[in-house]
$ cat query.csv   # CSV, C-alpha atoms
chain,number,residue,atom,x,y,z
A,1,MET,CA,0.0,0.0,0.0
A,2,HIS,CA,1.4,3.4,-0.9
A,3,MET,CA,0.2,6.6,0.5
A,4,THR,CA,0.7,10.2,-0.3
A,5,LYS,CA,3.2,12.2,1.8
A,6,SER,CA,1.7,12.2,5.3
A,7,LEU,CA,2.6,15.5,7.0
A,8,PRO,CA,3.9,18.9,6.0
A,9,ALA,CA,7.7,19.5,6.3
A,10,VAL,CA,9.3,20.5,9.6
A,11,GLY,CA,9.5,24.3,9.7
A,12,SER,CA,6.3,24.9,7.8
A,13,PHE,CA,3.3,26.6,9.3
A,14,ALA,CA,1.2,23.9,7.9
A,15,LEU,CA,2.9,21.4,10.2
A,16,LEU,CA,2.0,23.6,13.2
A,17,ASN,CA,-1.6,23.5,12.1
A,18,ALA,CA,-1.5,19.7,11.7
A,19,LEU,CA,-0.1,19.2,15.2
A,20,THR,CA,-1.8,21.8,17.3
A,21,GLY,CA,-4.8,19.6,18.0
A,22,PHE,CA,-2.7,16.9,19.5
A,23,VAL,CA,-0.9,19.0,22.2
A,24,PRO,CA,-2.2,17.8,25.6
A,25,ASP,CA,-3.1,21.3,26.9
A,26,ASP,CA,-5.5,20.1,29.6
A,27,PHE,CA,-3.0,17.6,31.0
A,28,ILE,CA,-0.3,20.3,31.1
A,29,ASN,CA,-2.5,23.0,32.7
A,30,SER,CA,-3.9,20.6,35.3
A,31,ARG,CA,-0.5,19.4,36.3
A,32,TRP,CA,1.1,22.8,36.4
A,33,PRO,CA,-1.6,25.3,37.2
A,34,VAL,CA,-0.9,29.0,37.1
A,35,PRO,CA,0.4,29.8,40.6
A,36,HIS,CA,-1.5,32.3,42.7
A,37,ARG,CA,1.0,34.4,44.5
A,38,PRO,CA,1.0,38.0,45.6
A,39,GLY,CA,2.8,40.5,43.4
A,40,ARG,CA,3.4,40.1,39.7
A,41,ARG,CA,0.7,38.2,37.8
A,42,PHE,CA,1.4,35.1,35.7
A,43,HIS,CA,0.1,35.9,32.2
A,44,PHE,CA,0.7,32.6,30.5
A,45,SER,CA,-0.5,29.1,31.2
A,46,ALA,CA,1.9,26.2,31.3
A,47,ALA,CA,0.5,24.8,28.1
A,48,GLN,CA,1.2,28.1,26.3
A,49,LEU,CA,4.7,28.2,27.6
A,50,TRP,CA,5.3,24.6,26.6
A,51,ARG,CA,4.0,25.3,23.1
A,52,VAL,CA,6.5,28.2,22.8
A,53,HIS,CA,9.3,25.8,23.8
A,54,LEU,CA,8.1,23.2,21.3
A,55,LEU,CA,8.4,25.7,18.6
A,56,ALA,CA,12.1,25.6,18.9
A,57,ALA,CA,12.0,22.0,17.6
A,58,LEU,CA,9.1,22.5,15.1
A,59,THR,CA,10.7,25.4,13.4
A,60,GLY,CA,13.9,23.6,12.8
A,61,GLY,CA,16.1,24.1,15.8
A,62,GLN,CA,16.0,27.7,16.6
A,63,SER,CA,17.2,28.8,20.1
A,64,PHE,CA,14.5,29.6,22.7
A,65,ASN,CA,15.5,33.2,22.5
A,66,ALA,CA,15.2,33.3,18.7
A,67,VAL,CA,11.7,31.7,19.0
A,68,GLN,CA,10.8,34.4,21.6
A,69,ARG,CA,11.9,37.1,19.2
A,70,SER,CA,10.0,35.5,16.3
A,71,LEU,CA,6.7,35.3,18.2
A,72,SER,CA,6.0,39.0,18.0
A,73,GLU,CA,6.6,39.0,14.2
A,74,GLN,CA,5.0,35.7,13.1
A,75,ARG,CA,1.3,35.3,13.6
A,76,PRO,CA,1.2,31.5,12.8
A,77,LEU,CA,3.7,30.9,15.6
A,78,ARG,CA,1.5,32.9,18.1
A,79,ARG,CA,-1.5,31.0,16.9
A,80,PHE,CA,0.2,27.7,17.6
A,81,ALA,CA,1.2,29.0,21.1
A,82,HIS,CA,-2.3,30.3,21.7
A,83,LEU,CA,-1.0,33.8,22.2
A,84,PRO,CA,-3.7,36.4,21.3
A,85,ASN,CA,-1.5,39.2,20.0
A,86,GLU,CA,2.0,40.5,19.5
A,87,ARG,CA,2.0,42.5,22.8
A,88,SER,CA,1.3,39.5,25.0
A,89,VAL,CA,4.3,37.4,24.3
A,90,PRO,CA,6.4,35.7,27.1
A,91,ASP,CA,9.9,37.1,27.5
A,92,THR,CA,13.1,35.1,27.9
A,93,ARG,CA,13.0,35.3,31.7
A,94,MET,CA,9.5,33.7,31.7
A,95,LEU,CA,10.7,30.9,29.5
A,96,HIS,CA,13.7,30.3,31.7
A,97,GLU,CA,11.5,30.3,34.8
A,98,PHE,CA,9.2,27.8,33.1
A,99,ARG,CA,12.0,25.4,32.3
A,100,SER,CA,13.2,25.7,35.9
A,101,ARG,CA,9.7,25.1,37.2
A,102,LEU,CA,9.1,22.0,35.1
A,103,GLY,CA,12.6,20.6,35.3
A,104,VAL,CA,13.6,17.6,33.2
A,105,SER,CA,11.1,15.5,35.0
A,106,GLY,CA,8.3,17.8,34.0
A,107,PHE,CA,9.1,17.6,30.3
A,108,ARG,CA,9.4,13.8,30.7
A,109,TRP,CA,5.9,13.6,32.3
A,110,ILE,CA,4.5,15.4,29.2
A,111,ASN,CA,6.3,13.0,26.9
A,112,ASP,CA,5.0,10.0,28.9
A,113,HIS,CA,1.5,11.3,28.5
A,114,LEU,CA,2.0,11.6,24.8
A,115,THR,CA,3.6,8.1,24.6
A,116,GLN,CA,0.6,6.6,26.4
A,117,GLN,CA,-1.7,8.2,23.9
A,118,VAL,CA,0.5,6.7,21.1
A,119,LEU,CA,0.4,3.3,22.7
A,120,MET,CA,-3.4,3.5,23.0
A,121,VAL,CA,-3.9,4.0,19.2
A,122,ALA,CA,-0.8,2.4,17.8
A,123,PRO,CA,-1.5,-0.8,15.8
A,124,LEU,CA,1.1,-3.2,17.3
A,125,ARG,CA,1.6,-6.8,16.4
A,126,ASP,CA,1.9,-9.6,19.0
A,127,LYS,CA,5.7,-9.2,19.4
A,128,THR,CA,6.7,-5.6,20.0
A,129,VAL,CA,10.1,-4.4,18.9
A,130,GLY,CA,12.2,-1.7,20.5
A,131,LEU,CA,15.5,-0.2,19.3
A,132,ILE,CA,18.0,1.5,21.5
A,133,ASP,CA,20.4,4.0,20.1
A,134,ALA,CA,22.7,6.8,21.1
A,135,THR,CA,23.6,9.9,19.0
A,136,ASP,CA,26.2,12.4,19.7
A,137,LEU,CA,25.3,16.0,20.4
A,138,PRO,CA,28.2,18.5,20.3
A,139,ALA,CA,28.5,20.8,23.3
A,140,CYS,CA,29.0,24.5,22.8
A,141,SER,CA,31.8,25.4,25.1
A,142,ARG,CA,32.6,28.9,23.8
A,143,ASP,CA,31.2,30.5,26.9
A,144,LYS,CA,33.3,28.2,29.1
A,145,LYS,CA,36.7,28.6,27.4
A,146,LYS,CA,39.4,30.7,29.0
A,147,MET,CA,40.3,33.8,27.0
A,148,ALA,CA,44.1,33.2,26.4
A,149,SER,CA,44.8,36.6,25.0
A,150,LEU,CA,43.1,38.3,27.9
A,151,GLY,CA,45.1,36.3,30.4
A,152,ALA,CA,48.4,37.1,28.7
A,153,HIS,CA,47.4,40.8,28.7
A,154,ASN,CA,46.6,40.7,32.5
A,155,GLU,CA,50.0,39.0,33.2
A,156,GLN,CA,51.8,42.0,31.7
A,157,HIS,CA,50.3,44.4,34.2
B,1,MET,CA,33.4,17.2,24.7
B,2,GLY,CA,29.7,16.7,24.2
B,3,TYR,CA,26.6,14.8,25.1
B,4,LYS,CA,24.8,11.8,24.0
B,5,LYS,CA,21.0,11.4,23.5
B,6,HIS,CA,20.1,7.8,24.3
B,7,THR,CA,16.7,6.8,23.1
B,8,LEU,CA,14.6,3.6,23.3
B,9,ARG,CA,12.2,3.7,20.3
B,10,LEU,CA,9.2,1.5,19.5
B,11,TRP,CA,8.5,0.2,16.0
B,12,ILE,CA,4.8,0.7,15.2
B,13,SER,CA,4.8,-2.6,13.5
B,14,GLY,CA,1.2,-2.7,12.4
B,15,PHE,CA,1.4,0.6,10.5
B,16,GLU,CA,2.0,-0.5,7.0
B,17,PRO,CA,2.3,2.6,4.7
B,18,PHE,CA,5.8,3.3,5.9
B,19,ILE,CA,8.2,2.6,8.8
B,20,LEU,CA,7.1,4.5,11.9
B,21,LEU,CA,9.2,4.7,15.1
B,22,ALA,CA,8.0,6.4,18.3
B,23,PRO,CA,10.4,7.4,21.1
B,24,LEU,CA,9.6,5.7,24.4
B,25,VAL,CA,12.4,6.9,26.8
B,26,THR,CA,15.2,9.3,26.3
B,27,TRP,CA,18.2,10.1,28.5
B,28,ALA,CA,20.8,12.8,27.9
B,29,ALA,CA,24.2,11.9,29.3
B,30,PRO,CA,27.8,13.0,28.9
B,31,ALA,CA,29.4,11.5,25.8
B,32,SER,CA,31.5,9.1,27.8
B,33,VAL,CA,28.5,7.2,29.1
B,34,PRO,CA,27.9,4.1,26.9
B,35,GLU,CA,24.4,3.2,25.9
B,36,SER,CA,24.6,-0.2,27.6
B,37,TYR,CA,24.5,1.6,30.9
B,38,LEU,CA,21.0,3.0,30.1
B,39,LEU,CA,19.4,-0.1,28.8
B,40,LYS,CA,18.2,-1.5,32.1
B,41,PRO,CA,16.9,1.8,33.4
B,42,SER,CA,15.1,2.3,30.1
B,43,ILE,CA,13.2,-1.0,30.5
B,44,LYS,CA,12.5,-0.3,34.1
B,45,TYR,CA,11.2,3.2,33.3
B,46,CYS,CA,9.0,1.8,30.6
B,47,GLN,CA,7.4,-0.6,33.0
B,48,GLN,CA,6.9,1.9,35.8
B,49,ARG,CA,5.7,4.9,33.8
B,50,LEU,CA,4.2,3.4,30.7
B,51,ASP,CA,3.2,-0.1,31.9
B,52,PHE,CA,4.6,-1.4,28.7
B,53,ILE,CA,7.8,-3.2,27.8
B,54,PRO,CA,8.8,-4.2,24.2
B,55,ASN,CA,9.2,-7.9,23.8
B,56,ILE,CA,12.4,-7.6,21.7
B,57,VAL,CA,15.1,-4.9,21.9
B,58,VAL,CA,17.6,-4.5,19.1
B,59,GLY,CA,20.9,-3.0,20.1
B,60,ASP,CA,23.7,-1.6,18.0
B,61,MET,CA,26.8,-3.7,18.8
B,62,GLY,CA,27.7,-6.6,21.1
B,63,TYR,CA,29.1,-4.4,23.8
B,64,ILE,CA,26.1,-4.8,26.1
B,65,HIS,CA,27.2,-6.8,29.1
B,66,GLN,CA,26.1,-10.4,29.1
B,67,GLY,CA,24.9,-10.1,32.7
B,68,THR,CA,22.6,-7.3,31.6
B,69,LYS,CA,21.2,-9.3,28.8
B,70,ARG,CA,20.6,-12.2,31.1
B,71,GLU,CA,18.9,-10.0,33.6
B,72,LEU,CA,16.6,-8.6,30.9
B,73,ARG,CA,15.8,-12.2,29.7
B,74,VAL,CA,15.1,-13.7,33.1
B,75,GLN,CA,13.5,-10.8,35.0
B,76,TRP,CA,11.7,-8.9,32.3
B,77,ALA,CA,11.3,-11.5,29.5
B,78,VAL,CA,12.9,-9.1,27.1
B,79,ALA,CA,14.9,-10.5,24.2
B,80,MET,CA,18.0,-8.4,23.7
B,81,LEU,CA,19.5,-8.8,20.3
B,82,THR,CA,23.0,-7.5,19.3
B,83,LYS,CA,25.5,-8.7,16.7
B,84,LEU,CA,28.4,-10.8,17.9
B,85,LYS,CA,31.5,-8.7,18.3
B,86,SER,CA,34.4,-9.7,16.1
B,87,ASP,CA,36.5,-10.7,19.1
B,88,MET,CA,33.6,-12.6,20.5
B,89,LYS,CA,33.2,-14.6,17.2
B,90,ALA,CA,36.7,-16.0,17.7
B,91,HIS,CA,35.8,-17.6,21.0
B,92,CYS,CA,32.2,-18.6,20.1
B,93,ASP,CA,31.4,-22.2,19.1
B,94,TYR,CA,28.5,-21.0,17.1
B,95,ALA,CA,28.2,-18.8,14.0
B,96,GLU,CA,25.4,-16.5,13.0
B,97,ASP,CA,25.3,-17.9,9.5
B,98,GLU,CA,25.5,-21.6,10.5
B,99,PRO,CA,22.6,-23.6,11.7
B,100,LEU,CA,22.9,-25.7,14.8
B,101,ARG,CA,23.7,-29.4,14.2
B,102,CYS,CA,23.2,-32.5,16.3
B,103,ARG,CA,26.4,-34.5,17.1
B,104,GLN,CA,25.8,-36.6,14.0
B,105,GLY,CA,25.9,-33.4,11.9
B,106,GLN,CA,22.2,-33.1,11.0
B,107,GLU,CA,20.9,-29.5,10.7
B,108,LEU,CA,18.5,-28.5,13.4
B,109,LYS,CA,15.6,-26.1,13.3
B,110,TRP,CA,14.8,-23.7,16.2
B,111,LEU,CA,11.5,-24.6,17.8
B,112,GLY,CA,11.3,-21.9,20.4
B,113,TYR,CA,12.4,-20.7,23.8
B,114,ASP,CA,11.1,-22.2,27.0
B,115,GLU,CA,10.6,-19.3,29.4
B,116,LEU,CA,10.1,-21.6,32.4
B,117,GLU,CA,13.3,-23.6,31.9
B,118,TYR,CA,15.3,-20.9,30.2
B,119,GLN,CA,16.3,-23.1,27.4
B,120,HIS,CA,15.9,-23.4,23.6
B,121,TRP,CA,14.5,-26.4,21.8
B,122,PHE,CA,15.8,-27.5,18.5
B,123,ALA,CA,14.7,-30.4,16.2
B,124,PRO,CA,15.8,-31.9,12.9
B,125,LEU,CA,13.8,-30.9,9.8
B,126,PRO,CA,11.1,-33.4,8.8
B,127,HIS,CA,12.6,-36.1,6.5
B,128,ALA,CA,16.1,-35.0,7.5
B,129,PRO,CA,18.5,-37.0,5.2
B,130,ARG,CA,21.0,-38.0,7.9
B,131,CYS,CA,18.3,-39.1,10.4
B,132,CYS,CA,17.1,-41.9,8.1
B,133,SER,CA,20.5,-43.6,8.1
B,134,CYS,CA,21.7,-42.5,11.6
B,135,TRP,CA,22.9,-45.4,13.8
B,136,GLU,CA,21.4,-43.6,16.9
B,137,GLN,CA,18.0,-43.3,15.3
B,138,SER,CA,16.3,-45.7,17.8
B,139,THR,CA,17.5,-43.8,20.9
B,140,CYS,CA,17.5,-40.2,19.5
B,141,PRO,CA,15.0,-38.0,21.3
B,142,ARG,CA,14.6,-35.9,18.0
B,143,GLN,CA,14.5,-32.8,20.2
B,144,PHE,CA,17.4,-31.1,21.7
B,145,ALA,CA,17.5,-28.5,24.5
B,146,VAL,CA,20.2,-25.9,24.8
B,147,PRO,CA,20.3,-23.7,27.9
B,148,ALA,CA,20.1,-20.0,26.9
B,149,ASP,CA,23.0,-19.1,29.1
B,150,THR,CA,25.3,-21.4,27.1
B,151,HIS,CA,26.2,-18.2,25.3
B,152,GLU,CA,24.1,-15.3,26.3
B,153,THR,CA,24.7,-13.1,23.3
B,154,PHE,CA,24.3,-15.9,20.8
B,155,PHE,CA,21.3,-17.7,22.3
B,156,GLY,CA,19.6,-15.2,24.6
B,157,MET,CA,15.9,-15.5,23.9
B,158,ILE,CA,16.2,-15.6,20.1
B,159,PRO,CA,19.3,-17.4,18.7
B,160,LEU,CA,21.3,-15.3,16.4
B,161,ASN,CA,21.4,-17.9,13.6
B,162,THR,CA,17.6,-17.8,13.1
B,163,ALA,CA,16.1,-15.9,10.3
B,164,LEU,CA,14.1,-13.8,12.7
B,165,ALA,CA,17.2,-12.6,14.6
B,166,GLN,CA,19.1,-11.9,11.3
B,167,ARG,CA,16.2,-9.9,9.9
B,168,LEU,CA,15.9,-7.8,13.1
B,169,ILE,CA,19.6,-7.1,13.3
B,170,ARG,CA,20.1,-6.4,9.6
B,171,SER,CA,16.9,-4.7,8.5
B,172,VAL,CA,15.3,-3.2,11.6
B,173,ARG,CA,18.5,-1.8,13.0
B,174,SER,CA,19.1,0.3,9.9
B,175,TRP,CA,15.9,2.3,10.5
B,176,ILE,CA,17.7,4.1,13.4
B,177,GLU,CA,19.8,6.3,11.2
B,178,PRO,CA,16.9,8.1,9.5
B,179,SER,CA,15.3,8.8,12.9
B,180,GLN,CA,18.6,10.2,14.3
B,181,SER,CA,19.0,12.3,11.1
B,182,PHE,CA,15.5,13.6,11.4
B,183,GLU,CA,16.1,14.8,15.0
B,184,LYS,CA,19.5,16.2,14.4
B,185,ASN,CA,19.0,17.9,11.0
B,186,GLN,CA,15.3,18.6,10.7
B,187,LEU,CA,14.3,19.2,14.3
B,188,GLY,CA,17.7,21.0,14.6
B,189,LEU,CA,19.2,19.2,17.6
B,190,LYS,CA,22.6,19.5,16.0
B,191,ALA,CA,22.4,23.2,15.7
B,192,MET,CA,21.1,24.0,19.1
B,193,PHE,CA,23.4,25.8,21.6
B,194,LEU,CA,23.9,23.1,24.2
B,195,ASN,CA,26.1,24.4,27.0
B,196,SER,CA,24.8,22.3,29.9
B,197,LEU,CA,23.5,18.7,30.3
B,198,ARG,CA,20.2,20.1,31.6
B,199,LEU,CA,19.6,22.1,28.5
B,200,CYS,CA,20.7,19.2,26.4
B,201,TRP,CA,18.2,17.0,28.2
B,202,THR,CA,15.4,19.5,27.8
B,203,THR,CA,15.9,20.0,24.1
B,204,SER,CA,16.2,16.3,23.5
B,205,LEU,CA,12.9,15.8,25.3
B,206,LEU,CA,11.3,18.6,23.2
B,207,ALA,CA,12.6,16.8,20.0
B,208,ASP,CA,10.9,13.7,21.3
B,209,SER,CA,7.7,15.6,21.9
B,210,ALA,CA,7.7,16.8,18.3
B,211,ALA,CA,8.3,13.3,17.1
B,212,LEU,CA,5.5,11.9,19.3
B,213,LEU,CA,3.1,14.6,18.1
B,214,ARG,CA,3.9,13.7,14.5
B,215,VAL,CA,3.3,10.0,15.2
B,216,LEU,CA,0.0,10.8,16.9
B,217,ALA,CA,-1.1,12.9,13.9
B,218,ILE,CA,-0.1,10.2,11.4
B,219,LEU,CA,-1.8,7.4,13.4
B,220,LYS,CA,-5.0,9.3,14.1
B,221,GLU,CA,-5.3,10.8,10.6
B,222,PRO,CA,-3.7,8.3,8.3
B,223,PRO,CA,-2.5,9.8,4.9
B,224,ALA,CA,-4.9,9.6,2.0
B,225,LYS,CA,-4.4,6.9,-0.5
B,226,SER,CA,-2.6,8.1,-3.6
B,227,MET,CA,-4.5,7.8,-6.9
B,228,LEU,CA,-1.4,6.2,-8.4
B,229,CYS,CA,-1.0,3.7,-5.6
B,230,GLU,CA,-1.5,0.7,-7.9
B,231,LEU,CA,1.6,1.7,-9.8
B,232,PHE,CA,3.9,2.0,-6.8
B,233,PRO,CA,6.0,-0.8,-5.5
B,234,THR,CA,4.5,-2.4,-2.4
B,235,GLN,CA,5.9,-2.2,1.1
B,236,SER,CA,7.2,-5.7,2.0
B,237,GLN,CA,5.7,-7.3,5.0
B,238,PHE,CA,7.8,-8.3,8.0
B,239,PRO,CA,6.2,-11.0,10.0
B,240,LEU,CA,7.7,-11.9,13.3
B,241,GLU,CA,6.5,-15.4,13.6
$ encode --input "query.csv" --output "structure tokens"
Amino acid sequence: MHMTKSLPAVGSFALLNALTGFVPDDFINSRWPVPHRPGRRFHFSAAQLWRVHLLAALTGGQSFNAVQRSLSEQRPLRRFAHLPNERSVPDTRMLHEFRSRLGVSGFRWINDHLTQQVLMVAPLRDKTVGLIDATDLPACSRDKKKMASLGAHNEQH
Amino acid sequence: MGYKKHTLRLWISGFEPFILLAPLVTWAAPASVPESYLLKPSIKYCQQRLDFIPNIVVGDMGYIHQGTKRELRVQWAVAMLTKLKSDMKAHCDYAEDEPLRCRQGQELKWLGYDELEYQHWFAPLPHAPRCCSCWEQSTCPRQFAVPADTHETFFGMIPLNTALAQRLIRSVRSWIEPSQSFEKNQLGLKAMFLNSLRLCWTTSLLADSAALLRVLAILKEPPAKSMLCELFPTQSQFPLE
């Protein structure tokens, strides 16, 4: 059996439209509700902030900061993240705080929820097959390298 | 200096239009951590969090510790398949491309694995030529048991000289590369600025989220059938029996 191409390409706005309905907003918002605390109000729900983070992958590997900058310019990105207009966009500090709040375990919980949904609908045969693999990801260490020229300069004084 | 993304993926075997893999568990670790260290935690995580364990896991090379393989087989009933390492082949009495034989030299067929006794059963093919003229014919049990721990990597739960094991190692294993390429190049994991393990882990999980959402979208809304489908070559079936 041969089918036509199944999903739009990664980086296209059409892909965002195709996937938006499958994001578990209710699960995310119920697990990480907007905290009620005195002082500054939280403007964004956990699902909105998770969607903003997901855009980093769905737009082809932009940094979180680049996604944040694009949000005010690109309406389809805001529509995917359920952000009403270009003025109400989370800043980089909010994104950082959200990542700290969820932690790695929080992101894993969301993936586990998605995996369970996949397992519920996936047509699996009697014997299930898993594959384990590892892939290298280069670390960016520019910010951790010592500046040799600066050190030499300091020694002279 | 760098990190490694270790992922246990599930093959959605009943989905026929094309090969579909879904990430089950992901770990980010320093590059010095080998994937064999994360195999057992991955299986345990699957059972605890997903209440699901794949019956067969195909690994890359034979460097997974034999004790780990044995533990997976005995405790979790998971068949761990890897190739024989080249140095292992030199000391192994069995070969991946050679069938097992009885002591009279008759080729034996694999009947299956006995999970209670942890042993494999083999028998000669029907109308085996050597059996008809064998001097031990009257006393031969015609079924031979081999304990699985005779050679954990070779026998395990599925002996490596069976067609099933060879298909899984040669065909299924090669599906990993496109998945890794998709994550690194299209989802942009390779281009991301990863300056801490925590950030590496977060971005890896987000890449998995994107992959899972795509799988969900494909499964819930299967692609429309092409009008020219009759002219296309067909996807070969891959039965696991």
$ atom_distance --input "query.csv" --atom1 "CA of Leu77 (chain A)" --atom2 "CA of Ala14 (chain A)"
10.7 Å
$ interface_residues --input "query.csv" --of "chain A" --to "chain B" --cutoff "8 Å" --atoms "all atoms listed in the file" --output "PDB file with C-alpha atoms, in the frame of the given file"
ATOM      1  CA  MET A   1       0.000   0.000   0.000  1.00  0.00           C
ATOM      2  CA  HIS A   2       1.400   3.400  -0.900  1.00  0.00           C
ATOM      3  CA  MET A   3       0.200   6.600   0.500  1.00  0.00           C
ATOM      4  CA  THR A   4       0.700  10.200  -0.300  1.00  0.00           C
ATOM      5  CA  LYS A   5       3.200  12.200   1.800  1.00  0.00           C
ATOM      6  CA  SER A   6       1.700  12.200   5.300  1.00  0.00           C
ATOM      7  CA  LEU A   7       2.600  15.500   7.000  1.00  0.00           C
ATOM      8  CA  VAL A  10       9.300  20.500   9.600  1.00  0.00           C
ATOM      9  CA  ALA A  18      -1.500  19.700  11.700  1.00  0.00           C
ATOM     10  CA  LEU A  19      -0.100  19.200  15.200  1.00  0.00           C
ATOM     11  CA  PHE A  22      -2.700  16.900  19.500  1.00  0.00           C
ATOM     12  CA  VAL A  23      -0.900  19.000  22.200  1.00  0.00           C
ATOM     13  CA  HIS A  53       9.300  25.800  23.800  1.00  0.00           C
ATOM     14  CA  LEU A  54       8.100  23.200  21.300  1.00  0.00           C
ATOM     15  CA  ALA A  57      12.000  22.000  17.600  1.00  0.00           C
ATOM     16  CA  LEU A  58       9.100  22.500  15.100  1.00  0.00           C
ATOM     17  CA  THR A  59      10.700  25.400  13.400  1.00  0.00           C
ATOM     18  CA  GLY A  60      13.900  23.600  12.800  1.00  0.00           C
ATOM     19  CA  GLY A  61      16.100  24.100  15.800  1.00  0.00           C
ATOM     20  CA  GLN A  62      16.000  27.700  16.600  1.00  0.00           C
ATOM     21  CA  SER A  63      17.200  28.800  20.100  1.00  0.00           C
ATOM     22  CA  VAL A 104      13.600  17.600  33.200  1.00  0.00           C
ATOM     23  CA  PHE A 107       9.100  17.600  30.300  1.00  0.00           C
ATOM     24  CA  ARG A 108       9.400  13.800  30.700  1.00  0.00           C
ATOM     25  CA  ILE A 110       4.500  15.400  29.200  1.00  0.00           C
ATOM     26  CA  ASN A 111       6.300  13.000  26.900  1.00  0.00           C
ATOM     27  CA  ASP A 112       5.000  10.000  28.900  1.00  0.00           C
ATOM     28  CA  LEU A 114       2.000  11.600  24.800  1.00  0.00           C
ATOM     29  CA  THR A 115       3.600   8.100  24.600  1.00  0.00           C
ATOM     30  CA  GLN A 116       0.600   6.600  26.400  1.00  0.00           C
ATOM     31  CA  GLN A 117      -1.700   8.200  23.900  1.00  0.00           C
ATOM     32  CA  VAL A 118       0.500   6.700  21.100  1.00  0.00           C
ATOM     33  CA  VAL A 121      -3.900   4.000  19.200  1.00  0.00           C
ATOM     34  CA  ALA A 122      -0.800   2.400  17.800  1.00  0.00           C
ATOM     35  CA  PRO A 123      -1.500  -0.800  15.800  1.00  0.00           C
ATOM     36  CA  LEU A 124       1.100  -3.200  17.300  1.00  0.00           C
ATOM     37  CA  ARG A 125       1.600  -6.800  16.400  1.00  0.00           C
ATOM     38  CA  LYS A 127       5.700  -9.200  19.400  1.00  0.00           C
ATOM     39  CA  THR A 128       6.700  -5.600  20.000  1.00  0.00           C
ATOM     40  CA  VAL A 129      10.100  -4.400  18.900  1.00  0.00           C
ATOM     41  CA  GLY A 130      12.200  -1.700  20.500  1.00  0.00           C
ATOM     42  CA  LEU A 131      15.500  -0.200  19.300  1.00  0.00           C
ATOM     43  CA  ILE A 132      18.000   1.500  21.500  1.00  0.00           C
ATOM     44  CA  ASP A 133      20.400   4.000  20.100  1.00  0.00           C
ATOM     45  CA  ALA A 134      22.700   6.800  21.100  1.00  0.00           C
ATOM     46  CA  THR A 135      23.600   9.900  19.000  1.00  0.00           C
ATOM     47  CA  ASP A 136      26.200  12.400  19.700  1.00  0.00           C
ATOM     48  CA  LEU A 137      25.300  16.000  20.400  1.00  0.00           C
ATOM     49  CA  PRO A 138      28.200  18.500  20.300  1.00  0.00           C
ATOM     50  CA  ALA A 139      28.500  20.800  23.300  1.00  0.00           C
ATOM     51  CA  CYS A 140      29.000  24.500  22.800  1.00  0.00           C
ATOM     52  CA  SER A 141      31.800  25.400  25.100  1.00  0.00           C
ATOM     53  CA  ASP A 143      31.200  30.500  26.900  1.00  0.00           C
TER      54      ASP A 143
END
$ residues_near_point --input "query.csv" --point "(-4.7, 30.1, 22.2)" --cutoff "12 Å" --atoms "all atoms listed in the file" --output "MDAnalysis selection string"
chainID A and resid 20:21 23 25 44:49 51:52 75:85 88:89
$ residues_around --input "query.csv" --residues "region 119-122 of chain B" --least-positions-apart "3" --cutoff "6 Å" --atoms "only C-alpha atoms" --output "PyMOL selection string"
chain B and resi 108-114+143-148
$ atom_distance --input "query.csv" --atom1 "CA of Ser174 (chain B)" --atom2 "CA of Ser86 (chain B)"
19.3 Å
$ atom_distance --input "query.csv" --atom1 "CA of Asp97 (chain B)" --atom2 "CA of Leu84 (chain B)"
11.4 Å
$ build_atoms --input "query.csv" --residues "region 92-101 of chain A" --atoms "N, CA and C atoms" --output "short mmCIF file (atom, residue, chain, number, x, y, z; two decimals), in the coordinates of the input"
data_model
loop_
_atom_site.label_atom_id
_atom_site.label_comp_id
_atom_site.auth_asym_id
_atom_site.auth_seq_id
_atom_site.Cartn_x
_atom_site.Cartn_y
_atom_site.Cartn_z
N THR A 92 12.11 36.16 27.66
CA THR A 92 13.10 35.10 27.90
C THR A 92 13.15 34.65 29.34
N ARG A 93 12.94 35.62 30.23
CA ARG A 93 13.00 35.30 31.70
C ARG A 93 11.84 34.34 32.03
N MET A 94 10.66 34.60 31.45
CA MET A 94 9.50 33.70 31.70
C MET A 94 9.79 32.29 31.20
N LEU A 95 10.40 32.23 30.03
CA LEU A 95 10.70 30.90 29.50
C LEU A 95 11.72 30.18 30.36
N HIS A 96 12.70 30.92 30.83
CA HIS A 96 13.70 30.30 31.70
C HIS A 96 13.07 29.83 33.01
N GLU A 97 12.21 30.67 33.56
CA GLU A 97 11.50 30.30 34.80
C GLU A 97 10.66 29.04 34.61
N PHE A 98 10.02 28.98 33.43
CA PHE A 98 9.20 27.80 33.10
C PHE A 98 9.98 26.54 33.06
N ARG A 99 11.13 26.63 32.41
CA ARG A 99 12.00 25.40 32.30
C ARG A 99 12.47 25.01 33.69
N SER A 100 12.78 26.00 34.52
CA SER A 100 13.20 25.70 35.90
C SER A 100 12.08 25.05 36.69
N ARG A 101 10.88 25.58 36.47
CA ARG A 101 9.70 25.10 37.20
C ARG A 101 9.39 23.64 36.84
#
